[in-house]
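J.: File target33.txt below, compact mmCIF, C-alpha atoms and all ligand atoms:
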```txt
# COMPACT_ATOMS: atom_id res chain seq x y z
CA MET D 1 86.31 119.69 94.20
CA THR D 2 88.66 117.21 95.85
CA ILE D 3 89.52 113.55 95.55
CA LEU D 4 90.50 111.19 98.35
CA VAL D 5 93.29 108.79 97.43
CA THR D 6 94.19 105.83 99.65
CA GLY D 7 97.69 104.36 99.51
CA GLY D 8 99.05 107.44 97.77
CA ALA D 9 102.55 107.03 99.24
CA GLY D 10 103.02 103.63 97.59
CA PHE D 11 104.43 102.89 94.16
CA ILE D 12 101.36 103.40 91.98
CA GLY D 13 99.55 105.75 94.36
CA SER D 14 102.44 108.21 94.53
CA ASN D 15 102.83 108.15 90.75
CA PHE D 16 99.08 108.77 90.51
CA VAL D 17 99.14 111.74 92.91
CA LEU D 18 102.10 113.31 91.07
CA ASP D 19 100.47 112.68 87.71
CA TRP D 20 97.10 114.03 88.91
CA LEU D 21 98.56 117.28 90.18
CA ARG D 22 100.61 117.69 86.99
CA SER D 23 97.45 117.58 84.91
CA SER D 24 94.88 119.21 87.20
CA ASP D 25 94.55 121.68 90.07
CA GLU D 26 92.00 119.57 91.90
CA PRO D 27 93.32 118.88 95.41
CA VAL D 28 94.16 115.41 96.67
CA VAL D 29 93.70 114.15 100.21
CA ASN D 30 96.11 111.26 100.56
CA LEU D 31 95.37 108.68 103.28
CA ASP D 32 98.24 106.25 103.78
CA ALA D 33 99.37 104.20 106.77
CA LEU D 34 103.03 104.36 105.68
CA THR D 35 103.71 100.66 105.96
CA TYR D 36 107.12 99.49 104.74
CA ALA D 37 105.76 100.10 101.19
CA GLY D 38 104.79 103.72 101.78
CA ASN D 39 107.45 106.30 101.09
CA LEU D 40 106.65 109.99 101.47
CA GLU D 41 109.94 110.85 99.82
CA ASN D 42 108.18 109.94 96.55
CA LEU D 43 106.02 113.01 97.13
CA ALA D 44 108.80 115.35 98.25
CA SER D 45 108.13 117.65 95.28
CA LEU D 46 104.67 118.36 96.77
CA LYS D 47 105.94 119.34 100.20
CA ASP D 48 104.84 122.97 99.92
CA ASP D 49 101.96 122.32 97.57
CA ALA D 50 98.63 123.18 99.21
CA ARG D 51 96.81 120.95 96.71
CA HIS D 52 98.21 117.86 98.49
CA VAL D 53 97.03 117.03 102.00
CA PHE D 54 98.76 114.00 103.45
CA VAL D 55 97.19 112.10 106.33
CA GLN D 56 99.00 109.20 107.93
CA GLY D 57 96.33 106.71 108.91
CA ASP D 58 94.79 103.32 108.41
CA ILE D 59 91.93 102.59 106.02
CA CYS D 60 90.57 100.20 108.68
CA ASP D 61 90.05 103.20 111.00
CA ARG D 62 86.39 103.98 110.33
CA ALA D 63 86.29 107.07 112.54
CA LEU D 64 89.25 108.59 110.72
CA VAL D 65 87.79 107.83 107.28
CA ASP D 66 84.41 109.28 108.32
CA GLN D 67 86.13 112.40 109.57
CA LEU D 68 88.13 112.85 106.36
CA LEU D 69 85.03 112.44 104.21
CA ALA D 70 83.04 114.90 106.32
CA THR D 71 85.85 117.47 106.35
CA HIS D 72 87.04 117.32 102.75
CA ARG D 73 83.81 116.23 101.00
CA PRO D 74 85.57 114.52 98.08
CA ARG D 75 83.77 113.89 94.79
CA ALA D 76 85.61 110.58 94.43
CA ILE D 77 87.66 108.02 96.33
CA VAL D 78 90.47 106.33 94.42
CA HIS D 79 91.42 103.28 96.44
CA PHE D 80 94.99 102.01 96.01
CA ALA D 81 95.88 101.10 99.60
CA ALA D 82 96.74 97.42 99.87
CA GLU D 83 99.31 94.89 100.79
CA SER D 84 100.61 94.14 97.31
CA HIS D 85 103.47 91.64 97.31
CA VAL D 86 102.66 88.01 96.48
CA ASP D 87 105.75 86.60 98.22
CA ARG D 88 104.89 88.44 101.45
CA SER D 89 101.33 87.12 101.23
CA ILE D 90 102.68 83.57 101.17
CA HIS D 91 104.72 84.14 104.33
CA GLY D 92 102.13 86.23 106.21
CA PRO D 93 98.62 86.36 104.74
CA GLY D 94 97.04 88.04 107.79
CA ALA D 95 97.99 91.60 106.86
CA PHE D 96 96.50 91.02 103.39
CA MET D 97 93.15 89.96 104.78
CA ARG D 98 93.12 92.94 107.12
CA THR D 99 94.03 95.73 104.73
CA ASN D 100 92.74 94.36 101.45
CA VAL D 101 89.47 92.86 102.69
CA GLU D 102 88.62 94.56 105.99
CA GLY D 103 90.11 97.87 104.84
CA THR D 104 88.09 97.87 101.62
CA PHE D 105 84.97 96.93 103.60
CA THR D 106 85.58 99.83 105.99
CA LEU D 107 86.06 102.28 103.14
CA LEU D 108 82.92 101.05 101.38
CA GLU D 109 80.85 101.47 104.49
CA ALA D 110 82.23 104.95 105.13
CA ALA D 111 81.69 105.88 101.47
CA ARG D 112 78.12 104.57 101.60
CA ALA D 113 77.31 106.65 104.67
CA TYR D 114 78.91 109.77 103.16
CA TRP D 115 77.28 109.26 99.75
CA GLY D 116 73.93 108.95 101.53
CA THR D 117 74.32 112.55 102.68
CA LEU D 118 74.90 113.89 99.16
CA GLU D 119 72.21 115.24 96.90
CA GLY D 120 71.59 116.04 93.25
CA GLU D 121 74.57 116.29 90.92
CA THR D 122 77.04 115.78 93.75
CA ARG D 123 75.40 112.47 94.58
CA ASP D 124 75.14 111.40 90.92
CA GLY D 125 78.73 112.37 90.22
CA PHE D 126 80.30 110.62 93.20
CA ARG D 127 82.59 107.65 92.40
CA PHE D 128 84.30 104.94 94.42
CA HIS D 129 87.17 103.80 92.17
CA HIS D 130 88.65 100.49 93.26
CA VAL D 131 92.12 99.67 91.94
CA SER D 132 92.59 95.94 91.51
CA THR D 133 94.72 93.43 89.68
CA ASP D 134 94.59 90.93 86.82
CA GLU D 135 95.79 88.29 89.32
CA VAL D 136 92.16 87.76 90.45
CA TYR D 137 91.54 85.89 87.18
CA GLY D 138 94.10 83.17 87.99
CA SER D 139 96.65 81.65 85.64
CA LEU D 140 96.50 81.21 81.84
CA GLN D 141 97.79 78.37 79.68
CA PRO D 142 100.06 79.42 76.79
CA GLN D 143 97.30 79.22 74.17
CA ASP D 144 94.51 80.79 76.24
CA PRO D 145 93.10 84.15 75.16
CA PRO D 146 94.04 87.04 77.48
CA PHE D 147 91.81 87.93 80.46
CA SER D 148 88.68 89.88 79.59
CA GLU D 149 86.38 91.53 82.12
CA THR D 150 84.04 88.51 81.97
CA ASN D 151 86.66 85.91 82.93
CA PRO D 152 85.70 83.94 86.03
CA TYR D 153 87.64 84.78 89.19
CA GLU D 154 90.17 82.06 90.06
CA PRO D 155 92.69 83.64 92.46
CA ASN D 156 95.58 81.39 93.47
CA SER D 157 97.67 83.29 96.04
CA PRO D 158 96.66 84.82 99.36
CA TYR D 159 97.30 88.22 97.74
CA SER D 160 95.07 87.60 94.73
CA ALA D 161 92.40 85.96 96.90
CA SER D 162 92.30 89.04 99.14
CA LYS D 163 92.04 91.34 96.11
CA ALA D 164 89.32 89.13 94.60
CA ALA D 165 87.42 89.37 97.89
CA SER D 166 87.72 93.16 97.82
CA ASP D 167 86.46 93.26 94.21
CA HIS D 168 83.43 91.21 95.23
CA LEU D 169 82.68 93.58 98.10
CA VAL D 170 82.86 96.57 95.75
CA ARG D 171 80.52 94.84 93.30
CA ALA D 172 78.06 93.94 96.07
CA TRP D 173 78.00 97.49 97.49
CA HIS D 174 76.95 98.68 94.05
CA HIS D 175 74.31 96.02 93.48
CA THR D 176 72.84 96.12 96.96
CA TYR D 177 73.21 99.75 97.99
CA GLY D 178 73.62 101.48 94.63
CA LEU D 179 77.03 102.92 95.58
CA PRO D 180 78.48 104.33 92.33
CA VAL D 181 81.61 102.23 91.92
CA VAL D 182 84.07 101.47 89.12
CA THR D 183 86.79 98.84 89.31
CA THR D 184 89.95 98.58 87.25
CA ASN D 185 92.01 95.38 87.00
CA CYS D 186 95.47 96.08 85.72
CA SER D 187 98.54 94.08 84.86
CA ASN D 188 102.04 94.30 86.39
CA ASN D 189 103.12 97.93 86.67
CA TYR D 190 106.70 99.14 86.43
CA GLY D 191 108.41 102.53 86.51
CA PRO D 192 109.79 105.13 88.97
CA TYR D 193 109.40 104.68 92.76
CA HIS D 194 108.83 100.91 92.48
CA PHE D 195 109.84 99.27 95.75
CA PRO D 196 112.83 96.99 95.10
CA GLU D 197 111.16 93.81 96.27
CA LYS D 198 109.33 93.41 92.94
CA LEU D 199 110.94 91.87 89.88
CA ILE D 200 112.11 94.82 87.79
CA PRO D 201 113.46 97.18 90.48
CA LEU D 202 115.00 94.25 92.38
CA MET D 203 116.93 93.20 89.28
CA ILE D 204 118.16 96.75 88.68
CA VAL D 205 119.34 97.38 92.23
CA ASN D 206 120.85 93.92 92.67
CA ALA D 207 122.73 94.17 89.37
CA LEU D 208 124.17 97.56 90.34
CA ALA D 209 125.29 96.09 93.67
CA GLY D 210 126.86 93.06 91.95
CA LYS D 211 124.41 90.73 93.73
CA PRO D 212 122.72 87.63 92.24
CA LEU D 213 119.60 88.18 90.12
CA PRO D 214 117.18 85.56 91.50
CA VAL D 215 114.94 84.09 88.78
CA TYR D 216 112.20 81.84 90.17
CA GLY D 217 111.82 78.37 88.65
CA ASP D 218 112.52 78.24 84.91
CA GLY D 219 111.93 81.98 84.37
CA GLN D 220 109.32 81.25 81.69
CA GLN D 221 106.39 82.72 83.64
CA ILE D 222 104.68 85.43 81.64
CA ARG D 223 103.33 88.75 82.83
CA ASP D 224 101.86 91.72 80.96
CA TRP D 225 103.80 94.88 81.79
CA LEU D 226 102.19 98.31 82.08
CA TYR D 227 104.22 101.48 82.51
CA VAL D 228 102.92 103.16 85.66
CA THR D 229 102.00 106.52 84.09
CA ASP D 230 99.92 104.64 81.52
CA HIS D 231 98.09 103.02 84.42
CA CYS D 232 97.53 106.50 85.91
CA SER D 233 96.07 107.82 82.64
CA GLY D 234 93.85 104.72 82.42
CA ILE D 235 92.50 105.35 85.91
CA ARG D 236 91.82 108.99 85.05
CA ALA D 237 89.94 107.89 81.92
CA VAL D 238 87.78 105.42 83.87
CA LEU D 239 87.15 107.87 86.69
CA ALA D 240 86.05 110.50 84.17
CA GLY D 241 84.02 108.38 81.78
CA GLY D 242 83.71 104.78 82.97
CA ARG D 243 80.23 103.39 83.36
CA VAL D 244 79.09 102.98 86.95
CA GLY D 245 79.18 99.39 88.19
CA GLU D 246 81.52 98.30 85.38
CA THR D 247 85.01 96.85 85.53
CA TYR D 248 87.76 97.78 83.07
CA ASN D 249 90.97 95.85 82.42
CA ILE D 250 94.06 98.02 81.95
CA GLY D 251 97.06 96.38 80.28
CA GLY D 252 100.16 97.29 78.37
CA TRP D 253 99.86 94.83 75.44
CA ASN D 254 103.33 93.69 76.56
CA GLU D 255 103.45 89.99 77.41
CA LYS D 256 106.99 88.98 78.39
CA ALA D 257 108.64 85.99 80.06
CA ASN D 258 110.44 86.87 83.30
CA ILE D 259 113.81 85.74 81.98
CA ASP D 260 113.43 88.06 78.97
CA ILE D 261 112.66 90.96 81.33
CA VAL D 262 115.80 90.21 83.33
CA ARG D 263 117.93 89.94 80.19
CA THR D 264 116.54 93.23 78.90
CA VAL D 265 117.38 94.97 82.20
CA CYS D 266 120.91 93.52 82.04
CA ALA D 267 121.40 94.67 78.44
CA LEU D 268 120.26 98.21 79.26
CA LEU D 269 122.59 98.37 82.24
CA ASP D 270 125.45 97.06 80.06
CA GLU D 271 124.78 100.01 77.76
CA LEU D 272 124.13 102.72 80.36
CA ARG D 273 126.40 101.68 83.26
CA PRO D 274 128.88 99.07 81.95
CA ASP D 275 130.53 96.95 84.62
CA ALA D 276 134.25 96.20 84.28
CA ALA D 277 133.59 92.74 85.76
CA GLY D 278 131.57 91.75 82.66
CA PRO D 279 127.97 91.65 81.40
CA TYR D 280 125.33 91.88 84.15
CA SER D 281 123.70 88.68 82.84
CA ARG D 282 126.53 86.81 84.58
CA LEU D 283 124.61 87.50 87.82
CA ILE D 284 121.42 85.65 86.71
CA THR D 285 120.76 82.85 89.22
CA TYR D 286 117.89 80.39 88.96
CA VAL D 287 116.35 79.80 92.40
CA LYS D 288 113.57 77.67 93.88
CA ASP D 289 110.16 78.49 92.42
CA ARG D 290 107.46 80.45 94.28
CA PRO D 291 104.80 78.08 95.71
CA GLY D 292 101.66 78.12 93.56
CA HIS D 293 103.39 80.39 91.04
CA ASP D 294 100.93 81.56 88.36
CA ARG D 295 102.30 80.72 84.93
CA ARG D 296 100.84 83.43 82.75
CA TYR D 297 98.83 86.63 83.03
CA ALA D 298 97.68 88.53 79.94
CA ILE D 299 95.20 91.37 79.59
CA ASP D 300 92.67 92.07 76.88
CA ALA D 301 92.40 95.85 77.19
CA ARG D 302 89.97 96.38 74.31
CA LYS D 303 87.00 97.44 76.46
CA ILE D 304 88.71 100.54 77.87
CA GLU D 305 89.93 101.40 74.37
CA ARG D 306 86.51 100.89 72.78
CA GLU D 307 84.54 102.79 75.44
CA LEU D 308 87.01 105.43 76.59
CA GLY D 309 89.60 105.66 73.82
CA TRP D 310 92.46 104.73 76.19
CA ARG D 311 95.61 102.99 74.98
CA PRO D 312 99.03 102.86 76.64
CA ALA D 313 101.46 105.52 75.42
CA GLU D 314 104.61 103.50 76.19
CA THR D 315 105.92 100.39 74.49
CA PHE D 316 107.92 98.03 76.68
CA GLU D 317 111.12 99.26 75.00
CA THR D 318 110.47 102.92 75.83
CA GLY D 319 109.11 102.20 79.32
CA ILE D 320 111.89 99.91 80.48
CA ARG D 321 114.56 102.32 79.24
CA LYS D 322 112.95 105.19 81.17
CA THR D 323 112.72 102.96 84.23
CA VAL D 324 116.37 101.87 84.19
CA GLN D 325 117.43 105.49 83.60
CA TRP D 326 115.27 106.61 86.56
CA TYR D 327 116.98 104.14 88.91
CA LEU D 328 120.40 105.21 87.65
CA SER D 329 119.52 108.85 88.30
CA ASN D 330 117.99 108.20 91.73
CA GLU D 331 120.56 106.11 93.54
CA ASP D 332 120.02 108.17 96.71
CA TRP D 333 116.36 107.12 96.75
CA VAL D 334 117.43 103.48 96.33
CA ALA D 335 120.05 103.80 99.08
CA ARG D 336 117.53 105.29 101.52
CA VAL D 337 115.01 102.55 100.72
CA GLN D 338 117.65 99.86 101.20
CA SER D 339 118.99 101.30 104.46
CA GLY D 340 115.50 101.93 105.83
CA ALA D 341 116.23 105.66 106.12
CA TYR D 342 113.20 106.43 103.95
CA ARG D 343 111.05 105.61 106.96
CA ASP D 344 112.45 108.65 108.79
CA TRP D 345 111.26 110.91 106.00
CA VAL D 346 107.96 111.82 107.66
CA SER D 347 109.52 113.11 110.84
CA LYS D 348 112.36 114.84 108.97
CA GLN D 349 110.11 116.56 106.44
CA TYR D 350 106.92 117.03 108.39
CA GLY D 351 107.96 117.18 112.04
CA ALA D 352 106.06 115.13 114.57
CA GLY D 353 102.65 115.66 112.88
CA GLN D 354 101.76 114.33 109.53
CA THR D 355 99.56 116.47 107.38
CA ASN D 356 100.60 118.90 104.71
P1 LIG P 1 102.44 99.37 97.26
O1 LIG P 1 102.60 98.16 98.12
O2 LIG P 1 103.63 99.98 96.61
O3 LIG P 1 101.74 100.53 98.10
C1 LIG P 1 100.67 100.30 98.95
C2 LIG P 1 100.44 101.57 99.78
O4 LIG P 1 99.30 101.34 100.63
C3 LIG P 1 101.62 101.93 100.68
O5 LIG P 1 101.89 103.31 100.58
C4 LIG P 1 101.13 101.54 102.07
O6 LIG P 1 101.70 102.36 103.09
C5 LIG P 1 99.63 101.77 101.95
N1 LIG P 1 98.86 100.95 102.89
C6 LIG P 1 99.01 99.64 103.15
N2 LIG P 1 98.15 99.25 104.11
C7 LIG P 1 97.43 100.35 104.45
C8 LIG P 1 96.37 100.59 105.35
N3 LIG P 1 95.88 99.61 106.12
N4 LIG P 1 95.85 101.83 105.42
C9 LIG P 1 96.34 102.83 104.65
N5 LIG P 1 97.35 102.65 103.77
C10 LIG P 1 97.88 101.44 103.67
O7 LIG P 1 101.34 98.96 96.18
P2 LIG P 1 101.22 99.40 94.65
O8 LIG P 1 102.10 98.52 93.84
O9 LIG P 1 101.35 100.86 94.55
O10 LIG P 1 99.73 98.95 94.37
C11 LIG P 1 98.64 99.87 94.53
C12 LIG P 1 97.35 99.15 94.21
O11 LIG P 1 97.39 98.65 92.88
C13 LIG P 1 97.08 97.94 95.11
O12 LIG P 1 95.71 97.93 95.42
C14 LIG P 1 97.48 96.76 94.27
O13 LIG P 1 96.72 95.61 94.63
C15 LIG P 1 97.12 97.25 92.88
N6 LIG P 1 97.91 96.64 91.80
C16 LIG P 1 99.27 96.77 91.77
C17 LIG P 1 99.99 96.21 90.72
C18 LIG P 1 101.48 96.36 90.62
O14 LIG P 1 102.06 95.88 89.62
N7 LIG P 1 102.15 97.01 91.54
C19 LIG P 1 99.32 95.54 89.71
C20 LIG P 1 97.94 95.42 89.78
C21 LIG P 1 97.23 96.01 90.80
P1 LIG P 2 106.46 90.36 91.15
O1 LIG P 2 107.18 91.60 90.72
O2 LIG P 2 106.58 89.91 92.57
O3 LIG P 2 104.94 90.55 90.72
P2 LIG P 2 103.73 89.45 90.69
O4 LIG P 2 104.14 88.25 91.44
O5 LIG P 2 102.63 90.20 91.36
O6 LIG P 2 103.47 89.17 89.22
O7 LIG P 2 106.97 89.18 90.25
C1 LIG P 2 106.87 89.23 88.83
C2 LIG P 2 107.31 87.89 88.30
O8 LIG P 2 108.71 87.75 88.54
C3 LIG P 2 106.64 86.71 88.98
O9 LIG P 2 106.42 85.69 88.01
C4 LIG P 2 107.66 86.26 90.01
C5 LIG P 2 108.98 86.60 89.35
N1 LIG P 2 110.09 86.96 90.26
C6 LIG P 2 111.33 86.34 90.12
O10 LIG P 2 111.54 85.47 89.26
N2 LIG P 2 112.34 86.72 90.98
C7 LIG P 2 112.16 87.64 91.95
O11 LIG P 2 113.10 87.93 92.72
C8 LIG P 2 110.87 88.29 92.06
C9 LIG P 2 110.63 89.33 93.13
C10 LIG P 2 109.87 87.92 91.19
```
How does the structure come out when it is put into structure tokens?
T.:
Amino acid sequence: MTILVTGGAGFIGSNFVLDWLRSSDEPVVNLDALTYAGNLENLASLKDDARHVFVQGDICDRALVDQLLATHRPRAIVHFAAESHVDRSIHGPGAFMRTNVEGTFTLLEAARAYWGTLEGETRDGFRFHHVSTDEVYGSLQPQDPPFSETNPYEPNSPYSASKAASDHLVRAWHHTYGLPVVTTNCSNNYGPYHFPEKLIPLMIVNALAGKPLPVYGDGQQIRDWLYVTDHCSGIRAVLAGGRVGETYNIGGWNEKANIDIVRTVCALLDELRPDAAGPYSRLITYVKDRPGHDRRYAIDARKIERELGWRPAETFETGIRKTVQWYLSNEDWVARVQSGAYRDWVSKQYGAGQTN
């Protein structure tokens, strides 16, 4: 048995591949285009591991996807590949429409054709697992209940609109063609290998470099924070036992205002890497708000707990400490991401070709 993962060199995808191969011997075929967000260095520990087959390629490339499905005959596709950064989607939405909408469409069509060739238990057991976001539900007022799976979709950014579109395609491929899909909508992830353009890693690396910590608007926007390995275990639970055609919200039960996140990061750095120049909070700088900035996201994760017994293992306190410690212990990784040298990793580690 094998699974096909898309976007497995990104933040969550690489954590998922590492986590999967720590807990199972089932091989992973990892299809990733290695955009700026893909970093094979995250998977360096798997370099000589035959259970991991890396393929550099685009999910919009139907012929390639067909060929991978025919060759490896996976029992499931776990689809992470996406453009994922809201700020980038505001400046250049085109790439988001292409990868998130057209790419998901291409994968669904390839999966449908492949699934049509399967029979018996293999056909019944096949899953297309779509990884999505809570941002499709829009923005909450302070007193609103958290998002449940039945919330209407009200995406507000080009990113969330493209993910909402992909969720609708996945739903339609199930209803119309019977493709056995499951979708998970999770909250903001954090943890190791997080690209330092997102809030938490950006604050850590900027603080260590003595640079300003840019807080958008009044810093009172609220997100729910999910430690990335908890997300991975949630996906495994849904893949193993989720009901076909259903969606499951995955959250950390950790609603925090951005400014409190930044202050927590500063306090941990003050403890673990004190700066002679003074507390890191001196670097906090309020900057112009993000256009259309969603005020609050919150996840009601009771369905996945009720049906599959999943709950996050980390509290925010344990998860954020591990995260800050990881960045302090991996300054070479940060330096190579910041210098762009991480993009040479494929040729250095794998030669001119790309697969394992
Ligand atoms: P990421 O940006 O870190 O990684 C995305 C990966 O997809 C990269 O490795 C990139 O090279 C690859 N990719 C991009 N376009 C591709 C294409 N056309 N073909 C093949 N590969 C391509 O993203 P992430 O934070 O790891 O997010 C993974 C998934 O989880 C996404 O679908 C995202 O929408 C979803 N999600 C993320 C978060 C979060 O907090 N990071 C929260 C909710 C949902
Ligand atoms: P981000 O990590 O980009 O995730 P998302 O927008 O998908 O939730 O941002 C998290 C929150 O932090 C969001 O409310 C925007 C805010 N933010 C800042 O205040 N400053 C920053 O430099 C960044 C990157 C984000």
J.: Taking only residues of chain D that have an atom at most 10 Å from an atom of ligand LIG 2 (chain P), what is each one's shortest atom pair and its distance in Å to one decimal, using only C-alpha atoms and all ligand atoms, in chain and number order, as JSON lines?
T.:
```
{"residue": "D:Ser84", "atom": "CA", "partner": "P:LIG2", "partner_atom": "O5", "distance": 7.4}
{"residue": "D:His85", "atom": "CA", "partner": "P:LIG2", "partner_atom": "O2", "distance": 5.9}
{"residue": "D:Val86", "atom": "CA", "partner": "P:LIG2", "partner_atom": "O4", "distance": 5.3}
{"residue": "D:Asp87", "atom": "CA", "partner": "P:LIG2", "partner_atom": "O2", "distance": 6.6}
{"residue": "D:Arg88", "atom": "CA", "partner": "P:LIG2", "partner_atom": "O2", "distance": 9.2}
{"residue": "D:Thr133", "atom": "CA", "partner": "P:LIG2", "partner_atom": "O5", "distance": 8.7}
{"residue": "D:Asp134", "atom": "CA", "partner": "P:LIG2", "partner_atom": "O5", "distance": 9.3}
{"residue": "D:Glu135", "atom": "CA", "partner": "P:LIG2", "partner_atom": "O5", "distance": 7.4}
{"residue": "D:Ser157", "atom": "CA", "partner": "P:LIG2", "partner_atom": "O4", "distance": 9.4}
{"residue": "D:Tyr159", "atom": "CA", "partner": "P:LIG2", "partner_atom": "O5", "distance": 8.5}
{"residue": "D:Ser160", "atom": "CA", "partner": "P:LIG2", "partner_atom": "O5", "distance": 8.7}
{"residue": "D:Ser187", "atom": "CA", "partner": "P:LIG2", "partner_atom": "O6", "distance": 8.2}
{"residue": "D:Asn188", "atom": "CA", "partner": "P:LIG2", "partner_atom": "O6", "distance": 6.0}
{"residue": "D:Asn189", "atom": "CA", "partner": "P:LIG2", "partner_atom": "O1", "distance": 8.5}
{"residue": "D:Tyr190", "atom": "CA", "partner": "P:LIG2", "partner_atom": "O1", "distance": 8.7}
{"residue": "D:His194", "atom": "CA", "partner": "P:LIG2", "partner_atom": "O1", "distance": 9.6}
{"residue": "D:Phe195", "atom": "CA", "partner": "P:LIG2", "partner_atom": "O1", "distance": 9.6}
{"residue": "D:Pro196", "atom": "CA", "partner": "P:LIG2", "partner_atom": "C9", "distance": 8.2}
{"residue": "D:Glu197", "atom": "CA", "partner": "P:LIG2", "partner_atom": "C9", "distance": 5.5}
{"residue": "D:Lys198", "atom": "CA", "partner": "P:LIG2", "partner_atom": "O1", "distance": 3.6}
{"residue": "D:Leu199", "atom": "CA", "partner": "P:LIG2", "partner_atom": "O1", "distance": 3.9}
{"residue": "D:Ile200", "atom": "CA", "partner": "P:LIG2", "partner_atom": "O1", "distance": 6.6}
{"residue": "D:Pro201", "atom": "CA", "partner": "P:LIG2", "partner_atom": "O1", "distance": 8.4}
{"residue": "D:Leu202", "atom": "CA", "partner": "P:LIG2", "partner_atom": "O11", "distance": 6.6}
{"residue": "D:Met203", "atom": "CA", "partner": "P:LIG2", "partner_atom": "O11", "distance": 7.4}
{"residue": "D:Asn206", "atom": "CA", "partner": "P:LIG2", "partner_atom": "O11", "distance": 9.8}
{"residue": "D:Pro212", "atom": "CA", "partner": "P:LIG2", "partner_atom": "O11", "distance": 9.6}
{"residue": "D:Leu213", "atom": "CA", "partner": "P:LIG2", "partner_atom": "O11", "distance": 7.0}
{"residue": "D:Pro214", "atom": "CA", "partner": "P:LIG2", "partner_atom": "O11", "distance": 4.9}
{"residue": "D:Val215", "atom": "CA", "partner": "P:LIG2", "partner_atom": "O10", "distance": 3.7}
{"residue": "D:Tyr216", "atom": "CA", "partner": "P:LIG2", "partner_atom": "O10", "distance": 3.8}
{"residue": "D:Gly217", "atom": "CA", "partner": "P:LIG2", "partner_atom": "O10", "distance": 7.1}
{"residue": "D:Asp218", "atom": "CA", "partner": "P:LIG2", "partner_atom": "O10", "distance": 8.5}
{"residue": "D:Gly219", "atom": "CA", "partner": "P:LIG2", "partner_atom": "O10", "distance": 6.0}
{"residue": "D:Gln220", "atom": "CA", "partner": "P:LIG2", "partner_atom": "O9", "distance": 8.3}
{"residue": "D:Gln221", "atom": "CA", "partner": "P:LIG2", "partner_atom": "O9", "distance": 5.3}
{"residue": "D:Ile222", "atom": "CA", "partner": "P:LIG2", "partner_atom": "O9", "distance": 6.6}
{"residue": "D:Arg223", "atom": "CA", "partner": "P:LIG2", "partner_atom": "O6", "distance": 6.4}
{"residue": "D:Asp224", "atom": "CA", "partner": "P:LIG2", "partner_atom": "O6", "distance": 8.8}
{"residue": "D:Trp225", "atom": "CA", "partner": "P:LIG2", "partner_atom": "O6", "distance": 9.4}
{"residue": "D:Lys256", "atom": "CA", "partner": "P:LIG2", "partner_atom": "C2", "distance": 10.0}
{"residue": "D:Ala257", "atom": "CA", "partner": "P:LIG2", "partner_atom": "O9", "distance": 8.3}
{"residue": "D:Asn258", "atom": "CA", "partner": "P:LIG2", "partner_atom": "O8", "distance": 5.6}
{"residue": "D:Ile259", "atom": "CA", "partner": "P:LIG2", "partner_atom": "O10", "distance": 7.6}
{"residue": "D:Ile261", "atom": "CA", "partner": "P:LIG2", "partner_atom": "O8", "distance": 8.8}
{"residue": "D:Val262", "atom": "CA", "partner": "P:LIG2", "partner_atom": "O10", "distance": 8.7}
{"residue": "D:Thr285", "atom": "CA", "partner": "P:LIG2", "partner_atom": "N2", "distance": 9.4}
{"residue": "D:Tyr286", "atom": "CA", "partner": "P:LIG2", "partner_atom": "O10", "distance": 8.1}
{"residue": "D:Val287", "atom": "CA", "partner": "P:LIG2", "partner_atom": "O10", "distance": 8.1}
{"residue": "D:Lys288", "atom": "CA", "partner": "P:LIG2", "partner_atom": "O10", "distance": 9.3}
{"residue": "D:Asp289", "atom": "CA", "partner": "P:LIG2", "partner_atom": "O10", "distance": 7.8}
{"residue": "D:Arg290", "atom": "CA", "partner": "P:LIG2", "partner_atom": "C4", "distance": 7.2}
{"residue": "D:His293", "atom": "CA", "partner": "P:LIG2", "partner_atom": "O9", "distance": 6.8}
{"residue": "D:Asp294", "atom": "CA", "partner": "P:LIG2", "partner_atom": "O9", "distance": 6.9}
{"residue": "D:Arg295", "atom": "CA", "partner": "P:LIG2", "partner_atom": "O9", "distance": 7.2}
{"residue": "D:Arg296", "atom": "CA", "partner": "P:LIG2", "partner_atom": "O9", "distance": 8.0}
{"residue": "D:Tyr297", "atom": "CA", "partner": "P:LIG2", "partner_atom": "O6", "distance": 8.1}
```
J.: Between D:Cys60, D:Leu18, D:Leu34, D:Ala209, which has the minimum distance to Glu102 in chain D (counting all atoms listed in the file)?
T.: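 Residue with the minimum atom-to-atom distance to Glu102 in chain D: D:Cys60.
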J.: Could you tell me which of D:Gln143, D:Ser23, D:Ser162, D:Ser281 comes closest to ligand LIG 1 (chain P) if we count all atoms listed in the file?
T.: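 Using all atoms listed in the file, the shortest distance to ligand LIG 1 (chain P) belongs to D:Ser162.
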J.: Within 8 Å of ligand LIG 1 (chain P) (counting all atoms listed in the file), which residues show up? I'd like them as number ranges by chain.
T.: D: 6-14, 31-39, 56-60, 79-85, 98-100, 103, 130-135, 163, 185-190, 194-195, 226
J.: Give the answer as one residue: which of D:Asp19, D:Asp144, D:Glu121, D:Asp66 has the shortest atom-to-atom distance to Leu43 in chain D, using only C-alpha atoms?
T.: D:Asp19
J.: I'd like to know which of D:Leu108, D:Pro158, D:Tyr114, D:Glu119 is closest to Gly92 in chain D, using all atoms listed in the file.
T.: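 Counting all atoms listed in the file, the residue closest to Gly92 in chain D is D:Pro158.
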J.: Using CA of Met1 in chain D and CA of Arg75 in chain D as the two end points, give the distance in Å to one decimal.
T.: 6.4 Å
J.: Would you please work out which residue, of D:Asn254, D:Thr150, D:Asn330, D:Thr2, is nearest to Phe316 in chain D when using all atoms listed in the file?
T.: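 Closest candidate: D:Asn254.
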